[in-house]
>>> print(open('input.pdb').read())   # PDB, C-alpha atoms
MODEL        1
ATOM      1  CA  MET A   1     298.244 121.600  73.600
ATOM      2  CA  CYS A   2     296.326 124.874  73.386
ATOM      3  CA  ARG A   3     293.592 125.264  70.781
ATOM      4  CA  GLN A   4     295.400 128.181  69.151
ATOM      5  CA  CYS A   5     298.493 125.989  68.658
ATOM      6  CA  VAL A   6     296.403 123.243  67.096
ATOM      7  CA  PHE A   7     294.821 125.801  64.807
ATOM      8  CA  TYR A   8     298.158 127.152  63.512
ATOM      9  CA  ILE A   9     299.661 123.710  63.035
ATOM     10  CA  PHE A  10     296.729 122.599  60.896
ATOM     11  CA  ILE A  11     296.706 125.817  58.873
ATOM     12  CA  TYR A  12     300.462 125.517  58.263
ATOM     13  CA  ALA A  13     300.253 121.865  57.206
ATOM     14  CA  ALA A  14     297.157 122.397  55.114
ATOM     15  CA  TYR A  15     298.743 125.312  53.245
ATOM     16  CA  PHE A  16     301.640 123.214  51.938
ATOM     17  CA  GLU A  17     299.439 120.198  51.181
ATOM     18  CA  ILE A  18     296.942 122.267  49.212
ATOM     19  CA  LYS A  19     299.680 124.128  47.356
ATOM     20  CA  SER A  20     301.057 120.916  45.853
ATOM     21  CA  ALA A  21     297.790 118.974  45.417
ATOM     22  CA  ASN A  22     295.430 118.621  42.469
ATOM     23  CA  THR A  23     291.831 119.899  42.607
ATOM     24  CA  ILE A  24     290.282 116.708  44.065
ATOM     25  CA  MET A  25     292.960 116.409  46.720
ATOM     26  CA  LYS A  26     292.608 120.093  47.596
ATOM     27  CA  ASN A  27     288.887 119.602  48.264
ATOM     28  CA  LEU A  28     289.517 116.505  50.395
ATOM     29  CA  ILE A  29     292.156 118.311  52.427
ATOM     30  CA  LEU A  30     289.880 121.309  52.998
ATOM     31  CA  ILE A  31     287.012 119.064  54.148
ATOM     32  CA  THR A  32     289.313 117.168  56.527
ATOM     33  CA  VAL A  33     290.723 120.371  57.992
ATOM     34  CA  SER A  34     287.202 121.757  58.481
ATOM     35  CA  ILE A  35     286.052 118.636  60.338
ATOM     36  CA  ILE A  36     289.101 118.618  62.612
ATOM     37  CA  LEU A  37     288.878 122.313  63.428
ATOM     38  CA  THR A  38     285.155 122.042  64.136
ATOM     39  CA  SER A  39     285.876 119.184  66.521
ATOM     40  CA  VAL A  40     288.644 121.115  68.278
ATOM     41  CA  PHE A  41     286.694 124.355  68.723
ATOM     42  CA  PHE A  42     283.062 123.395  69.091
ATOM     43  CA  THR A  43     282.823 119.986  70.777
ATOM     44  CA  ALA A  44     281.293 120.557  74.226
ATOM     45  CA  LYS A  45     280.910 118.182  77.158
ATOM     46  CA  ALA A  46     277.292 117.576  78.133
ATOM     47  CA  GLN A  47     276.538 119.096  81.515
ATOM     48  CA  THR A  48     275.570 116.608  84.227
ATOM     49  CA  VAL A  49     272.731 117.588  86.560
ATOM     50  CA  MET A  50     272.559 115.418  89.695
ATOM     51  CA  LEU A  51     269.383 115.300  91.797
ATOM     52  CA  ASP A  52     269.715 114.168  95.416
ATOM     53  CA  TYR A  53     267.667 111.079  96.357
ATOM     54  CA  TYR A  54     269.393 110.593  99.726
ATOM     55  CA  PHE A  55     268.483 113.521 101.963
ATOM     56  CA  ASN A  56     265.045 113.535 100.348
ATOM     57  CA  HIS A  57     263.867 109.928 100.307
ATOM     58  CA  GLU A  58     260.127 109.996 100.859
ATOM     59  CA  VAL A  59     258.010 106.879 100.389
ATOM     60  CA  HIS A  60     254.286 106.196 100.210
ATOM     61  CA  LYS A  61     251.943 103.350  99.382
ATOM     62  CA  GLY A  62     251.652 103.204  95.597
ATOM     63  CA  LYS A  63     248.844 101.951  93.361
ATOM     64  CA  SER A  64     250.111  98.402  93.804
ATOM     65  CA  GLY A  65     249.785  98.712  97.576
ATOM     66  CA  GLN A  66     253.551  98.510  98.026
ATOM     67  CA  GLN A  67     255.790 101.196  99.493
ATOM     68  CA  GLU A  68     257.543 103.164  96.767
ATOM     69  CA  ARG A  69     259.664 106.290  96.350
ATOM     70  CA  PHE A  70     257.970 109.505  95.341
ATOM     71  CA  HIS A  71     258.307 113.283  95.535
ATOM     72  CA  TYR A  72     260.859 115.402  93.671
ATOM     73  CA  MET A  73     262.223 112.693  91.386
ATOM     74  CA  TRP A  74     263.231 112.948  87.717
ATOM     75  CA  GLU A  75     261.166 109.851  86.918
ATOM     76  CA  ASP A  76     257.985 111.047  88.649
ATOM     77  CA  LYS A  77     255.587 112.435  86.021
ATOM     78  CA  GLU A  78     252.827 113.147  88.525
ATOM     79  CA  ASN A  79     252.340 116.558  90.162
ATOM     80  CA  THR A  80     254.928 115.578  92.795
ATOM     81  CA  GLY A  81     257.781 114.984  90.336
ATOM     82  CA  PHE A  82     260.562 116.908  88.631
ATOM     83  CA  SER A  83     260.142 115.321  85.206
ATOM     84  CA  ILE A  84     259.293 118.603  83.441
ATOM     85  CA  PHE A  85     262.239 120.453  84.982
ATOM     86  CA  GLY A  86     264.422 117.520  83.981
ATOM     87  CA  ASP A  87     263.156 117.650  80.402
ATOM     88  CA  ILE A  88     264.027 121.356  80.298
ATOM     89  CA  PHE A  89     267.606 120.612  81.323
ATOM     90  CA  LYS A  90     267.796 117.890  78.662
ATOM     91  CA  SER A  91     266.512 120.305  76.025
ATOM     92  CA  HIS A  92     269.648 122.357  76.715
ATOM     93  CA  GLY A  93     271.933 119.372  76.253
ATOM     94  CA  ALA A  94     272.287 118.284  79.884
ATOM     95  CA  THR A  95     272.426 114.722  81.179
ATOM     96  CA  LEU A  96     270.329 113.804  84.218
ATOM     97  CA  LYS A  97     271.519 111.634  87.095
ATOM     98  CA  SER A  98     270.393 110.929  90.651
ATOM     99  CA  LEU A  99     272.341 110.199  93.826
ATOM    100  CA  ASP A 100     270.975 107.628  96.281
ATOM    101  CA  SER A 101     273.898 107.907  98.686
ATOM    102  CA  ALA A 102     275.626 110.608 100.700
ATOM    103  CA  PRO A 103     277.682 113.023  98.582
ATOM    104  CA  THR A 104     281.407 112.331  98.389
ATOM    105  CA  ALA A 105     284.216 113.553  96.168
ATOM    106  CA  ALA A 106     283.996 110.262  94.282
ATOM    107  CA  ASN A 107     280.274 110.241  93.527
ATOM    108  CA  LEU A 108     280.130 113.978  92.795
ATOM    109  CA  LYS A 109     282.989 113.689  90.316
ATOM    110  CA  GLY A 110     281.819 114.723  86.865
ATOM    111  CA  THR A 111     278.723 116.437  88.270
ATOM    112  CA  ASP A 112     278.249 120.053  87.175
ATOM    113  CA  ILE A 113     274.990 120.891  88.981
ATOM    114  CA  TYR A 114     273.894 119.201  92.227
ATOM    115  CA  ILE A 115     270.318 119.784  93.413
ATOM    116  CA  ILE A 116     269.203 119.094  96.995
ATOM    117  CA  VAL A 117     265.446 119.420  97.517
ATOM    118  CA  ASP A 118     263.424 119.486 100.734
ATOM    119  CA  PRO A 119     265.466 117.223 103.068
ATOM    120  CA  ASP A 120     263.273 114.817 105.050
ATOM    121  CA  THR A 121     261.864 115.312 108.509
ATOM    122  CA  LYS A 122     260.904 112.383 110.733
ATOM    123  CA  LYS A 123     257.326 113.031 109.690
ATOM    124  CA  GLU A 124     258.301 112.196 106.103
ATOM    125  CA  SER A 125     260.751 109.376 106.777
ATOM    126  CA  PRO A 126     261.127 107.174 109.868
ATOM    127  CA  ASN A 127     264.922 107.274 109.495
ATOM    128  CA  PRO A 128     265.821 110.479 107.672
ATOM    129  CA  ASN A 129     269.318 111.038 106.339
ATOM    130  CA  TYR A 130     270.341 114.343 107.856
ATOM    131  CA  ILE A 131     273.003 116.542 106.271
ATOM    132  CA  GLU A 132     275.983 115.916 108.542
ATOM    133  CA  GLU A 133     279.331 117.695 108.877
ATOM    134  CA  LYS A 134     281.134 115.203 106.641
ATOM    135  CA  ASP A 135     278.540 115.802 103.918
ATOM    136  CA  ILE A 136     278.922 119.566 104.287
ATOM    137  CA  ASN A 137     282.692 119.319 103.924
ATOM    138  CA  GLU A 138     282.415 117.249 100.745
ATOM    139  CA  ILE A 139     279.833 119.578  99.206
ATOM    140  CA  GLU A 140     281.780 122.703 100.152
ATOM    141  CA  LYS A 141     284.961 121.391  98.501
ATOM    142  CA  TRP A 142     283.001 120.397  95.402
ATOM    143  CA  VAL A 143     281.437 123.864  95.092
ATOM    144  CA  LYS A 144     284.755 125.604  95.682
ATOM    145  CA  ALA A 145     286.265 123.596  92.833
ATOM    146  CA  GLY A 146     283.556 124.783  90.438
ATOM    147  CA  GLY A 147     280.333 122.941  91.243
ATOM    148  CA  VAL A 148     276.922 124.604  91.022
ATOM    149  CA  LEU A 149     274.855 123.776  94.115
ATOM    150  CA  VAL A 150     271.073 124.254  94.121
ATOM    151  CA  MET A 151     269.283 124.258  97.487
ATOM    152  CA  PHE A 152     265.483 124.065  97.368
ATOM    153  CA  ALA A 153     264.034 124.417 100.881
ATOM    154  CA  ASN A 154     260.361 124.640 101.917
ATOM    155  CA  ASP A 155     258.280 126.211 104.646
ATOM    156  CA  SER A 156     259.547 125.028 108.031
ATOM    157  CA  ALA A 157     256.604 122.647 108.593
ATOM    158  CA  ASN A 158     257.655 120.586 105.584
ATOM    159  CA  VAL A 159     261.465 120.539 105.568
ATOM    160  CA  GLU A 160     264.272 119.632 107.951
ATOM    161  CA  LEU A 161     265.823 123.083 108.316
ATOM    162  CA  PRO A 162     268.389 122.771 111.146
ATOM    163  CA  HIS A 163     270.787 120.454 109.278
ATOM    164  CA  PHE A 164     270.019 122.075 105.932
ATOM    165  CA  ASN A 165     270.993 125.419 107.456
ATOM    166  CA  ASN A 166     274.309 123.973 108.615
ATOM    167  CA  LEU A 167     275.084 123.619 104.922
ATOM    168  CA  ALA A 168     273.541 126.941 103.904
ATOM    169  CA  VAL A 169     275.527 128.934 106.485
ATOM    170  CA  LYS A 170     278.765 127.874 104.796
ATOM    171  CA  PHE A 171     277.663 130.082 101.925
ATOM    172  CA  GLY A 172     276.338 133.029 103.936
ATOM    173  CA  MET A 173     272.700 131.924 103.835
ATOM    174  CA  HIS A 174     270.063 130.917 106.382
ATOM    175  CA  PHE A 175     266.575 129.550 105.669
ATOM    176  CA  ASN A 176     264.242 131.269 108.110
ATOM    177  CA  ASP A 177     261.514 129.605 110.152
ATOM    178  CA  ASP A 178     258.708 131.643 108.604
ATOM    179  CA  LEU A 179     255.966 131.434 105.994
ATOM    180  CA  GLN A 180     256.016 133.796 103.029
ATOM    181  CA  ASN A 181     253.501 134.025 100.166
ATOM    182  CA  HIS A 182     250.896 132.023 102.065
ATOM    183  CA  VAL A 183     248.096 130.902  99.734
ATOM    184  CA  ILE A 184     244.903 129.666 101.375
ATOM    185  CA  ASP A 185     243.403 127.952  98.334
ATOM    186  CA  ASP A 186     243.131 128.129  94.542
ATOM    187  CA  ASN A 187     240.934 131.210  94.821
ATOM    188  CA  HIS A 188     243.850 133.237  96.185
ATOM    189  CA  PHE A 189     246.588 132.641  93.618
ATOM    190  CA  GLN A 190     247.483 136.312  93.710
ATOM    191  CA  ASP A 191     248.980 135.849  97.195
ATOM    192  CA  GLY A 192     251.732 133.703  95.674
ATOM    193  CA  GLY A 193     252.543 135.996  92.772
ATOM    194  CA  VAL A 194     256.021 137.516  92.436
ATOM    195  CA  MET A 195     257.155 139.908  89.711
ATOM    196  CA  THR A 196     260.448 139.047  87.994
ATOM    197  CA  VAL A 197     260.656 141.813  85.386
ATOM    198  CA  ASN A 198     264.236 142.987  84.754
ATOM    199  CA  ASN A 199     265.647 140.251  86.991
ATOM    200  CA  SER A 200     269.042 138.927  85.851
ATOM    201  CA  ILE A 201     267.993 135.289  86.383
ATOM    202  CA  PHE A 202     264.622 135.469  84.665
ATOM    203  CA  LYS A 203     265.223 136.494  81.070
ATOM    204  CA  THR A 204     261.751 135.583  79.736
ATOM    205  CA  ALA A 205     259.431 135.127  82.751
ATOM    206  CA  ASN A 206     257.833 138.323  84.065
ATOM    207  CA  LYS A 207     255.670 136.888  86.824
ATOM    208  CA  ILE A 208     255.952 133.654  88.781
ATOM    209  CA  PHE A 209     253.921 131.772  91.374
ATOM    210  CA  MET A 210     255.695 130.618  94.527
ATOM    211  CA  LYS A 211     253.510 129.740  97.511
ATOM    212  CA  ASP A 212     254.230 128.994 101.169
ATOM    213  CA  VAL A 213     257.967 129.593 101.073
ATOM    214  CA  CYS A 214     260.530 130.435 103.707
ATOM    215  CA  SER A 215     262.606 133.584 103.440
ATOM    216  CA  ILE A 216     266.405 133.549 103.329
ATOM    217  CA  GLY A 217     268.763 135.581 105.484
ATOM    218  CA  ILE A 218     272.045 136.511 103.786
ATOM    219  CA  THR A 219     275.451 137.643 105.057
ATOM    220  CA  GLY A 220     278.912 138.234 103.640
ATOM    221  CA  PRO A 221     279.258 137.871  99.869
ATOM    222  CA  ALA A 222     275.850 136.189  99.400
ATOM    223  CA  ARG A 223     273.460 138.389  97.464
ATOM    224  CA  VAL A 224     269.784 138.708  96.666
ATOM    225  CA  GLY A 225     268.496 136.753  93.689
ATOM    226  CA  LEU A 226     264.826 137.663  94.132
ATOM    227  CA  LYS A 227     262.580 139.312  96.726
ATOM    228  CA  ASN A 228     258.859 138.800  97.097
ATOM    229  CA  ASN A 229     256.337 141.626  97.133
ATOM    230  CA  ASN A 230     256.922 142.177 100.870
ATOM    231  CA  GLY A 231     260.657 142.629 100.402
ATOM    232  CA  ALA A 232     261.676 139.234 101.828
ATOM    233  CA  VAL A 233     264.524 137.410 100.089
ATOM    234  CA  ILE A 234     263.213 134.177  98.567
ATOM    235  CA  ILE A 235     266.140 133.439  96.207
ATOM    236  CA  ALA A 236     269.770 133.938  97.236
ATOM    237  CA  ILE A 237     272.988 133.498  95.266
ATOM    238  CA  GLU A 238     276.666 133.271  96.081
ATOM    239  CA  LYS A 239     279.806 132.825  94.035
ATOM    240  CA  TYR A 240     282.004 130.550  96.129
ATOM    241  CA  GLY A 241     285.490 129.800  94.896
ATOM    242  CA  LYS A 242     285.038 128.700  91.296
ATOM    243  CA  GLY A 243     281.477 127.554  91.981
ATOM    244  CA  THR A 244     278.027 128.967  92.602
ATOM    245  CA  VAL A 245     275.253 128.411  95.156
ATOM    246  CA  PHE A 246     271.612 129.045  94.244
ATOM    247  CA  ALA A 247     269.122 128.833  97.127
ATOM    248  CA  VAL A 248     265.322 129.059  97.016
ATOM    249  CA  GLY A 249     262.829 128.957  99.877
ATOM    250  CA  ASP A 250     260.621 126.354  98.178
ATOM    251  CA  PRO A 251     260.852 123.302  95.845
ATOM    252  CA  TRP A 252     258.762 125.475  93.528
ATOM    253  CA  LEU A 253     259.654 124.085  90.074
ATOM    254  CA  TYR A 254     258.165 120.620  90.472
ATOM    255  CA  ASN A 255     255.483 119.480  88.029
ATOM    256  CA  GLU A 256     252.455 120.837  89.860
ATOM    257  CA  TYR A 257     253.565 124.404  89.226
ATOM    258  CA  VAL A 258     255.055 124.119  85.728
ATOM    259  CA  ASN A 259     252.494 121.856  84.007
ATOM    260  CA  GLY A 260     250.164 124.622  82.852
ATOM    261  CA  ARG A 261     247.556 124.416  85.612
ATOM    262  CA  LEU A 262     248.293 127.922  86.933
ATOM    263  CA  PRO A 263     246.061 130.805  85.819
ATOM    264  CA  ALA A 264     247.102 132.880  82.828
ATOM    265  CA  GLY A 265     249.815 135.395  83.632
ATOM    266  CA  TYR A 266     251.953 133.119  85.819
ATOM    267  CA  GLU A 267     255.001 132.000  83.866
ATOM    268  CA  ASN A 268     256.563 129.232  85.935
ATOM    269  CA  LYS A 269     257.359 127.097  82.884
ATOM    270  CA  LYS A 270     259.315 129.990  81.379
ATOM    271  CA  ALA A 271     260.923 130.567  84.769
ATOM    272  CA  ALA A 272     262.035 126.927  84.938
ATOM    273  CA  ASP A 273     263.728 127.350  81.563
ATOM    274  CA  ASP A 274     265.304 130.635  82.668
ATOM    275  CA  VAL A 275     266.665 129.030  85.844
ATOM    276  CA  ALA A 276     268.017 125.980  83.989
ATOM    277  CA  GLN A 277     269.844 128.180  81.490
ATOM    278  CA  TRP A 278     271.169 130.459  84.252
ATOM    279  CA  LEU A 279     272.517 127.480  86.214
ATOM    280  CA  ILE A 280     274.197 125.994  83.156
ATOM    281  CA  LYS A 281     275.886 129.332  82.449
ATOM    282  CA  GLN A 282     277.424 129.294  85.944
ATOM    283  CA  ILE A 283     279.397 126.126  85.158
ATOM    284  CA  PRO A 284     283.082 127.139  84.834
TER     285      PRO A 284
ENDMDL
END
>>> encode(input="input.pdb", output="structure tokens")
Amino acid sequence: MCRQCVFYIFIYAAYFEIKSANTIMKNLILITVSIILTSVFFTAKAQTVMLDYYFNHEVHKGKSGQQERFHYMWEDKENTGFSIFGDIFKSHGATLKSLDSAPTAANLKGTDIYIIVDPDTKKESPNPNYIEEKDINEIEKWVKAGGVLVMFANDSANVELPHFNNLAVKFGMHFNDDLQNHVIDDNHFQDGGVMTVNNSIFKTANKIFMKDVCSIGITGPARVGLKNNNGAVIIAIEKYGKGTVFAVGDPWLYNEYVNGRLPAGYENKKAADDVAQWLIKQIP
């Protein structure tokens, strides 16, 4: 039943109940009606943000001497993790999940935002899980039905681009084999600076730091989300069916670059909040 119908039914019933009730009953009826209408109109489902742990599944020897997962995980609070970005999503009411298996219609069900970060090369994993055609088909159908896909790449030396691009091309995008915003060391932060003033994604951040990224080629309905100072596209966007694709040439928003260590003037923490809010708004 539509919300307008529910509204009129309750108003109609409440009118006759209140008309014949005493003062105490009138107050009880009004309170009950208010609670029900608030529930009908303002109860919202928490958004679910899923982070891929399958295509990116890096391991290293931990403090205990045992092999353990690391890099771009919600749980990782070190520089290599996404814990701060995750906390930002949670501050906006989202629920965090992770996916240790290949994406399918079943395990993407109920997911609003799906983030794939830096798929593994053989240098990073002895048996990497490449993005195959069956995975691409599942993801494409999910996006078309209303999913919000986030693709964080990297410079070509640190990401498996060929299979990742097989997915990207479905949405009119291609991660290029180049190196943009190259920063030699911490004395050259300015080489990774990008202005975001008056950008539709970044409502509060005016300048961000994004180093050693790949550029993105776009075709068809895909459009520019952000260019660097040299005019190369480093963020691309596409509306696809009922869904949205958001692609960036770098993992960029992991803890190392949003934990306050950057020099004054770089607003990556604000940018992370801007991006989270923008992505949530794309959910149908």
>>> residues_around(input="input.pdb", residues="stretch 57-66 of chain A", least_positions_apart="4", cutoff="8 Å", atoms="all atoms listed in the file", output="list in words")
Tyr53, Phe70, His71, Pro119, Asp120, Glu124, Ser125 and Pro128 of chain A
>>> write_last_selection(input="input.pdb", atoms="C-alpha atoms", output="PDB file, keeping the file's coordinate frame")
ATOM      1  CA  TYR A  53     267.667 111.079  96.357  1.00  0.00           C
ATOM      2  CA  PHE A  70     257.970 109.505  95.341  1.00  0.00           C
ATOM      3  CA  HIS A  71     258.307 113.283  95.535  1.00  0.00           C
ATOM      4  CA  PRO A 119     265.466 117.223 103.068  1.00  0.00           C
ATOM      5  CA  ASP A 120     263.273 114.817 105.050  1.00  0.00           C
ATOM      6  CA  GLU A 124     258.301 112.196 106.103  1.00  0.00           C
ATOM      7  CA  SER A 125     260.751 109.376 106.777  1.00  0.00           C
ATOM      8  CA  PRO A 128     265.821 110.479 107.672  1.00  0.00           C
TER       9      PRO A 128
END
>>> closest_residue(input="input.pdb", among="A:Ala157, A:Val194, A:Ala247, A:Ala102", to="A:Val117", atoms="all atoms listed in the file")
A:Ala247
>>> residues_near_point(input="input.pdb", point="(251.2, 113.2, 86.5)", cutoff="12 Å", atoms="only C-alpha atoms", output="PDB file with C-alpha atoms, keeping the file's coordinate frame")
ATOM      1  CA  PHE A  70     257.970 109.505  95.341  1.00  0.00           C
ATOM      2  CA  HIS A  71     258.307 113.283  95.535  1.00  0.00           C
ATOM      3  CA  GLU A  75     261.166 109.851  86.918  1.00  0.00           C
ATOM      4  CA  ASP A  76     257.985 111.047  88.649  1.00  0.00           C
ATOM      5  CA  LYS A  77     255.587 112.435  86.021  1.00  0.00           C
ATOM      6  CA  GLU A  78     252.827 113.147  88.525  1.00  0.00           C
ATOM      7  CA  ASN A  79     252.340 116.558  90.162  1.00  0.00           C
ATOM      8  CA  THR A  80     254.928 115.578  92.795  1.00  0.00           C
ATOM      9  CA  GLY A  81     257.781 114.984  90.336  1.00  0.00           C
ATOM     10  CA  PHE A  82     260.562 116.908  88.631  1.00  0.00           C
ATOM     11  CA  SER A  83     260.142 115.321  85.206  1.00  0.00           C
ATOM     12  CA  ILE A  84     259.293 118.603  83.441  1.00  0.00           C
ATOM     13  CA  TYR A 254     258.165 120.620  90.472  1.00  0.00           C
ATOM     14  CA  ASN A 255     255.483 119.480  88.029  1.00  0.00           C
ATOM     15  CA  GLU A 256     252.455 120.837  89.860  1.00  0.00           C
ATOM     16  CA  TYR A 257     253.565 124.404  89.226  1.00  0.00           C
ATOM     17  CA  VAL A 258     255.055 124.119  85.728  1.00  0.00           C
ATOM     18  CA  ASN A 259     252.494 121.856  84.007  1.00  0.00           C
ATOM     19  CA  ARG A 261     247.556 124.416  85.612  1.00  0.00           C
TER      20      ARG A 261
END
>>> resolve_selection(input="input.pdb", expression="the PyMOL selection byres ((chain A and resi 230-241) around 10)", output="PyMOL selection string")
chain A and resi 140-152+170-175+180-181+194+210+213-218+220-229+242-250+282
>>> residues_around(input="input.pdb", residues="A:Ala94", least_positions_apart="3", cutoff="10 Å", atoms="only C-alpha atoms", output="PDB file with C-alpha atoms, keeping the file's coordinate frame")
ATOM      1  CA  LYS A  45     280.910 118.182  77.158  1.00  0.00           C
ATOM      2  CA  ALA A  46     277.292 117.576  78.133  1.00  0.00           C
ATOM      3  CA  GLN A  47     276.538 119.096  81.515  1.00  0.00           C
ATOM      4  CA  THR A  48     275.570 116.608  84.227  1.00  0.00           C
ATOM      5  CA  VAL A  49     272.731 117.588  86.560  1.00  0.00           C
ATOM      6  CA  GLY A  86     264.422 117.520  83.981  1.00  0.00           C
ATOM      7  CA  ASP A  87     263.156 117.650  80.402  1.00  0.00           C
ATOM      8  CA  ILE A  88     264.027 121.356  80.298  1.00  0.00           C
ATOM      9  CA  PHE A  89     267.606 120.612  81.323  1.00  0.00           C
ATOM     10  CA  LYS A  90     267.796 117.890  78.662  1.00  0.00           C
ATOM     11  CA  SER A  91     266.512 120.305  76.025  1.00  0.00           C
ATOM     12  CA  LYS A  97     271.519 111.634  87.095  1.00  0.00           C
ATOM     13  CA  ASP A 112     278.249 120.053  87.175  1.00  0.00           C
ATOM     14  CA  ILE A 113     274.990 120.891  88.981  1.00  0.00           C
ATOM     15  CA  ALA A 276     268.017 125.980  83.989  1.00  0.00           C
ATOM     16  CA  ILE A 280     274.197 125.994  83.156  1.00  0.00           C
TER      17      ILE A 280
END
>>> atom_distance(input="input.pdb", atom1="atom CA of A:Glu160", atom2="atom CA of A:Lys109")
26.4 Å
>>> closest_residue(input="input.pdb", among="A:Leu99, A:Leu161, A:Asn166, A:Ile115", to="A:Glu132", atoms="only C-alpha atoms")
A:Asn166
>>> closest_residue(input="input.pdb", among="A:Gly110, A:Asn56, A:Met195, A:Gln67", to="A:Phe164", atoms="all atoms listed in the file")
A:Asn56
>>> resolve_selection(input="input.pdb", expression="the PyMOL selection byres ((chain A and resi 208) around 12)", output="count of residues only")
39
>>> resolve_selection(input="input.pdb", expression="the PyMOL selection byres ((chain A and resi 131) around 7)", output="VMD selection string")
chain A and resid 55 129 to 130 132 to 133 135 to 136 163 to 164
>>> atom_distance(input="input.pdb", atom1="atom CA of A:Asp118", atom2="atom CA of A:Leu96")
18.8 Å
>>> atom_distance(input="input.pdb", atom1="atom CA of A:Ser98", atom2="atom CA of A:Met73")
8.4 Å
>>> closest_residue(input="input.pdb", among="A:Val183, A:Tyr72, A:Gln277, A:Ile116", to="A:Ser200", atoms="only C-alpha atoms")
A:Gln277
>>> closest_residue(input="input.pdb", among="A:Pro103, A:Met50, A:Ala153, A:His182", to="A:Ala168", atoms="all atoms listed in the file")
A:Ala153
>>> closest_residue(input="input.pdb", among="A:Leu51, A:Trp74, A:Thr219, A:Thr121", to="A:Ser101", atoms="all atoms listed in the file")
A:Leu51
>>> build_atoms(input="input.pdb", residues="stretch 91-96 of chain A", atoms="all heavy atoms", output="mmCIF file, in the frame of the given file")
data_model
loop_
_atom_site.group_PDB
_atom_site.id
_atom_site.type_symbol
_atom_site.label_atom_id
_atom_site.label_comp_id
_atom_site.auth_asym_id
_atom_site.auth_seq_id
_atom_site.Cartn_x
_atom_site.Cartn_y
_atom_site.Cartn_z
ATOM 1 N N SER A 91 266.678 119.531 77.256
ATOM 2 C CA SER A 91 266.512 120.305 76.025
ATOM 3 C C SER A 91 267.690 121.244 75.790
ATOM 4 O O SER A 91 267.909 121.702 74.662
ATOM 5 C CB SER A 91 265.205 121.114 76.086
ATOM 6 O OG SER A 91 265.316 122.232 76.953
ATOM 7 N N HIS A 92 268.461 121.517 76.845
ATOM 8 C CA HIS A 92 269.648 122.357 76.715
ATOM 9 C C HIS A 92 270.933 121.527 76.705
ATOM 10 O O HIS A 92 272.031 122.049 76.931
ATOM 11 C CB HIS A 92 269.692 123.394 77.836
ATOM 12 C CG HIS A 92 268.583 124.402 77.763
ATOM 13 N ND1 HIS A 92 268.481 125.328 76.750
ATOM 14 C CD2 HIS A 92 267.490 124.601 78.553
ATOM 15 C CE1 HIS A 92 267.403 126.068 76.919
ATOM 16 N NE2 HIS A 92 266.778 125.650 78.003
ATOM 17 N N GLY A 93 270.771 120.236 76.440
ATOM 18 C CA GLY A 93 271.933 119.372 76.253
ATOM 19 C C GLY A 93 272.460 118.706 77.495
ATOM 20 O O GLY A 93 273.493 118.025 77.448
ATOM 21 N N ALA A 94 271.786 118.853 78.631
ATOM 22 C CA ALA A 94 272.287 118.284 79.884
ATOM 23 C C ALA A 94 271.919 116.815 80.014
ATOM 24 O O ALA A 94 270.950 116.328 79.415
ATOM 25 C CB ALA A 94 271.741 119.061 81.076
ATOM 26 N N THR A 95 272.685 116.110 80.826
ATOM 27 C CA THR A 95 272.426 114.722 81.179
ATOM 28 C C THR A 95 271.949 114.668 82.621
ATOM 29 O O THR A 95 272.521 115.327 83.495
ATOM 30 C CB THR A 95 273.705 113.882 81.035
ATOM 31 O OG1 THR A 95 274.137 113.903 79.673
ATOM 32 C CG2 THR A 95 273.458 112.431 81.458
ATOM 33 N N LEU A 96 270.895 113.898 82.876
ATOM 34 C CA LEU A 96 270.329 113.804 84.218
ATOM 35 C C LEU A 96 270.848 112.570 84.952
ATOM 36 O O LEU A 96 270.943 111.489 84.374
ATOM 37 C CB LEU A 96 268.802 113.736 84.152
ATOM 38 C CG LEU A 96 268.070 114.846 83.404
ATOM 39 C CD1 LEU A 96 266.567 114.630 83.499
ATOM 40 C CD2 LEU A 96 268.452 116.231 83.943
#
